file model39.txt (compact mmCIF, C-alpha atoms)
# COMPACT_ATOMS: atom_id res chain seq x y z
CA MET J 1 131.93 75.04 21.36
CA LYS J 2 131.13 78.23 23.25
CA GLU J 3 131.62 80.31 20.10
CA ASN J 4 129.36 77.94 18.15
CA SER J 5 126.63 78.39 20.76
CA ARG J 6 126.97 82.16 20.48
CA ASP J 7 126.67 81.94 16.67
CA ILE J 8 123.52 79.84 17.00
CA ASP J 9 122.10 82.33 19.51
CA SER J 10 122.91 85.16 17.13
CA GLU J 11 120.95 83.52 14.31
CA LEU J 12 118.03 82.73 16.59
CA ILE J 13 118.00 86.30 17.89
CA LYS J 14 117.91 87.68 14.33
CA LYS J 15 114.96 85.44 13.49
CA ALA J 16 113.18 86.26 16.76
CA LYS J 17 113.63 89.98 16.12
CA LYS J 18 111.85 89.43 12.80
CA GLY J 19 108.94 87.89 14.72
CA SER J 20 109.79 84.18 14.71
CA HIS J 21 108.11 82.67 17.76
CA GLY J 22 109.83 79.34 17.04
CA ALA J 23 113.29 80.90 17.25
CA PHE J 24 112.36 82.71 20.45
CA ASN J 25 110.98 79.47 21.96
CA ILE J 26 114.30 77.75 21.27
CA LEU J 27 116.14 80.56 23.09
CA MET J 28 113.66 80.46 25.93
CA ASN J 29 113.92 76.68 26.32
CA LYS J 30 117.71 76.95 26.30
CA TYR J 31 117.94 79.61 28.99
CA TYR J 32 114.82 79.06 31.11
CA PRO J 33 116.46 76.55 33.52
CA ARG J 34 119.37 78.90 34.22
CA VAL J 35 117.07 81.89 34.68
CA TYR J 36 114.82 79.91 37.02
CA ALA J 37 117.79 78.66 39.08
CA SER J 38 119.17 82.19 39.36
CA ILE J 39 115.88 83.66 40.49
CA PHE J 40 115.25 80.78 42.89
CA SER J 41 118.64 81.28 44.55
CA PHE J 42 117.63 84.90 45.04
CA ILE J 43 114.09 84.51 46.42
CA LYS J 44 113.83 80.84 47.56
CA SER J 45 110.26 80.26 46.35
CA LYS J 46 109.41 77.78 43.58
CA GLU J 47 106.11 79.39 42.60
CA ASP J 48 107.44 82.94 42.62
CA SER J 49 110.56 81.83 40.73
CA GLU J 50 108.39 80.27 38.03
CA ASP J 51 106.29 83.45 37.78
CA LEU J 52 109.35 85.68 37.61
CA SER J 53 111.03 83.42 35.05
CA GLN J 54 107.97 83.70 32.84
CA GLN J 55 107.86 87.47 33.36
CA THR J 56 111.54 87.60 32.41
CA PHE J 57 110.92 86.00 29.04
CA ILE J 58 107.85 88.13 28.39
CA LYS J 59 110.03 91.18 29.01
CA VAL J 60 112.83 89.71 26.86
CA TRP J 61 110.35 89.23 24.00
CA GLN J 62 109.03 92.77 24.41
CA GLN J 63 112.51 94.31 24.55
CA LEU J 64 114.31 92.02 22.10
CA ASP J 65 114.80 94.87 19.62
CA THR J 66 116.89 96.70 22.23
CA PHE J 67 119.42 93.84 22.50
CA ARG J 68 122.52 95.15 20.71
CA GLY J 69 124.83 92.19 21.27
CA ASP J 70 127.35 94.16 23.35
CA SER J 71 127.26 91.32 25.86
CA ALA J 72 126.31 87.66 25.63
CA PHE J 73 122.57 87.13 25.20
CA PHE J 74 122.31 85.26 28.51
CA THR J 75 124.02 88.14 30.34
CA TRP J 76 121.36 90.47 28.99
CA VAL J 77 118.54 88.05 29.90
CA TYR J 78 120.09 87.48 33.34
CA ARG J 79 120.19 91.22 34.00
CA ILE J 80 116.46 91.45 33.25
CA ALA J 81 115.76 88.45 35.52
CA ILE J 82 117.79 89.82 38.42
CA ASN J 83 116.16 93.24 38.13
CA LEU J 84 112.72 91.60 38.28
CA ALA J 85 113.83 89.55 41.29
CA LYS J 86 115.18 92.67 43.03
CA ASN J 87 111.91 94.51 42.44
CA PHE J 88 109.97 91.52 43.74
CA VAL J 89 112.13 91.29 46.88
CA ALA J 90 111.63 95.01 47.46
CA SER J 91 107.85 94.62 47.27
CA SER J 92 105.94 94.53 50.54
CA GLY J 93 104.22 91.27 49.57
CA PHE J 94 107.52 89.43 49.46
CA LYS J 95 108.59 90.79 52.84
CA LYS J 96 105.35 89.59 54.45
CA GLN J 97 105.71 86.21 52.76
CA LYS J 98 109.35 85.92 53.89
CA ILE J 99 108.37 86.54 57.50
CA ASN J 100 105.76 83.78 57.28
CA THR J 101 108.14 81.31 55.61
CA SER J 102 108.84 78.37 57.84
CA ILE J 103 112.36 77.58 58.86
CA GLN J 104 111.65 73.98 57.82
CA GLU J 105 112.36 74.92 54.20
CA ALA J 106 116.09 74.76 54.91
CA GLU J 107 117.32 71.40 53.66
CA ILE J 108 118.99 69.77 56.64
CA ASP J 109 119.90 66.14 57.15
CA ILE J 110 118.93 65.74 60.80
CA SER J 111 120.38 62.23 60.92
CA SER J 112 123.85 63.77 60.67
CA PHE J 113 123.50 65.33 64.12
CA ASP J 114 124.14 63.61 67.42
CA ASP J 115 120.96 64.90 68.94
CA ILE J 116 117.86 66.92 68.15
CA GLU J 117 119.08 69.94 70.13
CA SER J 118 122.10 70.29 67.82
CA ALA J 119 119.80 70.06 64.79
CA VAL J 120 117.54 72.78 66.17
CA ILE J 121 120.48 75.08 66.95
CA HIS J 122 121.95 74.45 63.49
CA ASN J 123 118.60 75.10 61.80
CA GLU J 124 118.06 78.31 63.77
CA SER J 125 121.57 79.47 62.90
CA LEU J 126 121.00 78.89 59.18
CA GLY J 127 117.76 80.82 59.40
CA GLU J 128 119.47 83.70 61.19
CA ILE J 129 122.27 83.81 58.63
CA SER J 130 119.78 83.71 55.75
CA PHE J 131 117.72 86.48 57.37
CA PHE J 132 120.90 88.54 57.88
CA ILE J 133 121.93 88.10 54.23
CA ASP J 134 118.44 89.24 53.18
CA SER J 135 118.90 92.35 55.32
CA LEU J 136 122.18 93.39 53.66
CA PRO J 137 122.02 96.47 51.43
CA GLU J 138 120.74 95.44 47.99
CA SER J 139 124.05 96.09 46.21
CA LEU J 140 126.01 93.90 48.65
CA ARG J 141 123.34 91.18 48.73
CA THR J 142 123.13 91.00 44.94
CA ALA J 143 126.89 90.78 44.43
CA PHE J 144 127.22 88.18 47.21
CA ILE J 145 124.38 85.98 45.92
CA LEU J 146 125.62 86.13 42.34
CA ARG J 147 129.10 85.07 43.49
CA GLU J 148 128.33 82.55 46.23
CA SER J 149 124.98 81.05 45.15
CA GLU J 150 125.33 81.40 41.40
CA GLY J 151 129.09 80.93 41.13
CA LYS J 152 129.38 83.86 38.74
CA SER J 153 132.80 85.31 37.95
CA TYR J 154 133.63 88.86 38.99
CA GLU J 155 133.55 89.82 35.30
CA ASP J 156 130.05 88.35 34.86
CA ILE J 157 128.80 90.10 37.98
CA ALA J 158 130.26 93.39 36.74
CA ALA J 159 128.44 92.95 33.41
CA ILE J 160 125.15 91.91 35.02
CA THR J 161 125.09 94.72 37.57
CA GLU J 162 126.73 97.22 35.22
CA THR J 163 129.31 97.97 37.90
CA PRO J 164 133.13 98.21 37.67
CA ILE J 165 134.96 95.02 38.71
CA GLY J 166 136.71 96.81 41.59
CA THR J 167 133.33 97.79 43.01
CA VAL J 168 132.06 94.22 42.62
CA ARG J 169 135.09 92.86 44.52
CA SER J 170 134.62 95.46 47.23
CA ARG J 171 130.91 94.66 47.63
CA ILE J 172 131.53 90.92 47.88
CA PHE J 173 134.33 91.50 50.39
CA ARG J 174 132.12 93.79 52.51
CA ALA J 175 129.22 91.31 52.37
CA ARG J 176 131.47 88.43 53.45
CA GLU J 177 133.00 90.54 56.20
CA SER J 178 129.53 91.53 57.47
CA ILE J 179 128.35 87.91 57.46
CA VAL J 180 131.44 86.68 59.32
CA ASP J 181 131.03 89.47 61.90
CA PHE J 182 127.36 88.56 62.30
CA ILE J 183 128.20 84.87 62.79
CA GLU J 184 130.91 85.66 65.33
CA LYS J 185 128.85 88.17 67.32
CA GLU J 186 125.30 86.90 67.12
CA ILE J 187 125.28 83.19 66.47
CA THR J 188 128.44 82.07 68.26
CA ASN J 189 127.60 84.10 71.37
CA ASN J 190 123.94 82.96 71.41
CA ASN J 191 124.84 79.27 71.15
CA GLU J 192 127.42 79.22 73.96
call {"tool": "encode", "arguments": {"input": "model39.txt", "output": "structure tokens"}}
result
Amino acid sequence: MKENSRDIDSELIKKAKKGSHGAFNILMNKYYPRVYASIFSFIKSKEDSEDLSQQTFIKVWQQLDTFRGDSAFFTWVYRIAINLAKNFVASSGFKKQKINTSIQEAEIDISSFDDIESAVIHNESLGEISFFIDSLPESLRTAFILRESEGKSYEDIAAITETPIGTVRSRIFRARESIVDFIEKEITNNNE
């Protein structure tokens, strides 16, 4: 089934390269939800994720002739999307927006807590962890998000980031280690 999908993509790509908007629209409709979900897991904003997803496919259309087929089409599209997301996160506008983002956006079922104080502490801890992850060096943050939020394999992450697998494993390990250290030092000590 996977091979059949790749064959269909290959035909659609050939047609799109020849200028077929219909073929490109089929590809876009197929991959848009995955691109959007990936970007959203990276930047946590519906509106910005929609904008960046659209920008991704504009860029894909503009650069379609450069796609050689060395990797799966989605891997190539995903790389474009993640690079746009990284650039967006690095922009000063995103940093200001992130600071103003309310902690209420974390999805928490307050009814599962014995009391409101526990819910507040839990919510604050999630916010601190999220803020800490955002502060990790870009290479560690990207590898960690692709693995933990996106569920990507090490091989996929290596292809997307154009990094050797050993480096990917090392970055994910270092990110996890940093997060665990942060939780142990900052959050556990602050909540005692």
call {"tool": "residues_around", "arguments": {"input": "model39.txt", "residues": "segment 131-138 of chain J", "least_positions_apart": "5", "cutoff": "8 Å", "atoms": "all atoms listed in the file", "output": "MDAnalysis selection string"}}
result
chainID J and resid 86 175 179 182
call {"tool": "residues_around", "arguments": {"input": "model39.txt", "residues": "Ala159 of chain J", "least_positions_apart": "4", "cutoff": "12 Å", "atoms": "only C-alpha atoms", "output": "short mmCIF file (atom, residue, chain, number, x, y, z; two decimals) with C-alpha atoms, in the frame of the given file"}}
result
data_model
loop_
_atom_site.label_atom_id
_atom_site.label_comp_id
_atom_site.auth_asym_id
_atom_site.auth_seq_id
_atom_site.Cartn_x
_atom_site.Cartn_y
_atom_site.Cartn_z
CA ASP J 70 127.35 94.16 23.35
CA SER J 71 127.26 91.32 25.86
CA ALA J 72 126.31 87.66 25.63
CA PHE J 73 122.57 87.13 25.20
CA PHE J 74 122.31 85.26 28.51
CA THR J 75 124.02 88.14 30.34
CA TRP J 76 121.36 90.47 28.99
CA VAL J 77 118.54 88.05 29.90
CA TYR J 78 120.09 87.48 33.34
CA ARG J 79 120.19 91.22 34.00
CA ALA J 143 126.89 90.78 44.43
CA LEU J 146 125.62 86.13 42.34
CA LYS J 152 129.38 83.86 38.74
CA SER J 153 132.80 85.31 37.95
CA TYR J 154 133.63 88.86 38.99
CA GLU J 155 133.55 89.82 35.30
CA THR J 163 129.31 97.97 37.90
CA PRO J 164 133.13 98.21 37.67
CA ILE J 165 134.96 95.02 38.71
CA THR J 167 133.33 97.79 43.01
CA VAL J 168 132.06 94.22 42.62
#
call {"tool": "atom_distance", "arguments": {"input": "model39.txt", "atom1": "atom CA of Phe57 of chain J", "atom2": "atom CA of Asn83 of chain J"}}
result
12.7 Å
call {"tool": "atom_distance", "arguments": {"input": "model39.txt", "atom1": "atom CA of Ser38 of chain J", "atom2": "atom CA of Glu50 of chain J"}}
result
11.0 Å
call {"tool": "closest_residue", "arguments": {"input": "model39.txt", "among": "J:Thr161, J:Lys15, J:Leu140, J:Gly151", "to": "Ser178 of chain J", "atoms": "only C-alpha atoms"}}
result
J:Leu140
call {"tool": "residues_near_point", "arguments": {"input": "model39.txt", "point": "(115.6, 79.8, 34.6)", "cutoff": "12 Å", "atoms": "all atoms listed in the file", "output": "NGL selection string"}}
result
:J and (27-42 or 46 or 48-57 or 74 or 77-78 or 80-82 or 85 or 150)
call {"tool": "closest_residue", "arguments": {"input": "model39.txt", "among": "J:Ser20, J:Thr66, J:Ser139, J:Ser149", "to": "Ser170 of chain J", "atoms": "only C-alpha atoms"}}
result
J:Ser139
call {"tool": "atom_distance", "arguments": {"input": "model39.txt", "atom1": "atom CA of Asp65 of chain J", "atom2": "atom CA of Ile13 of chain J"}}
result
9.3 Å
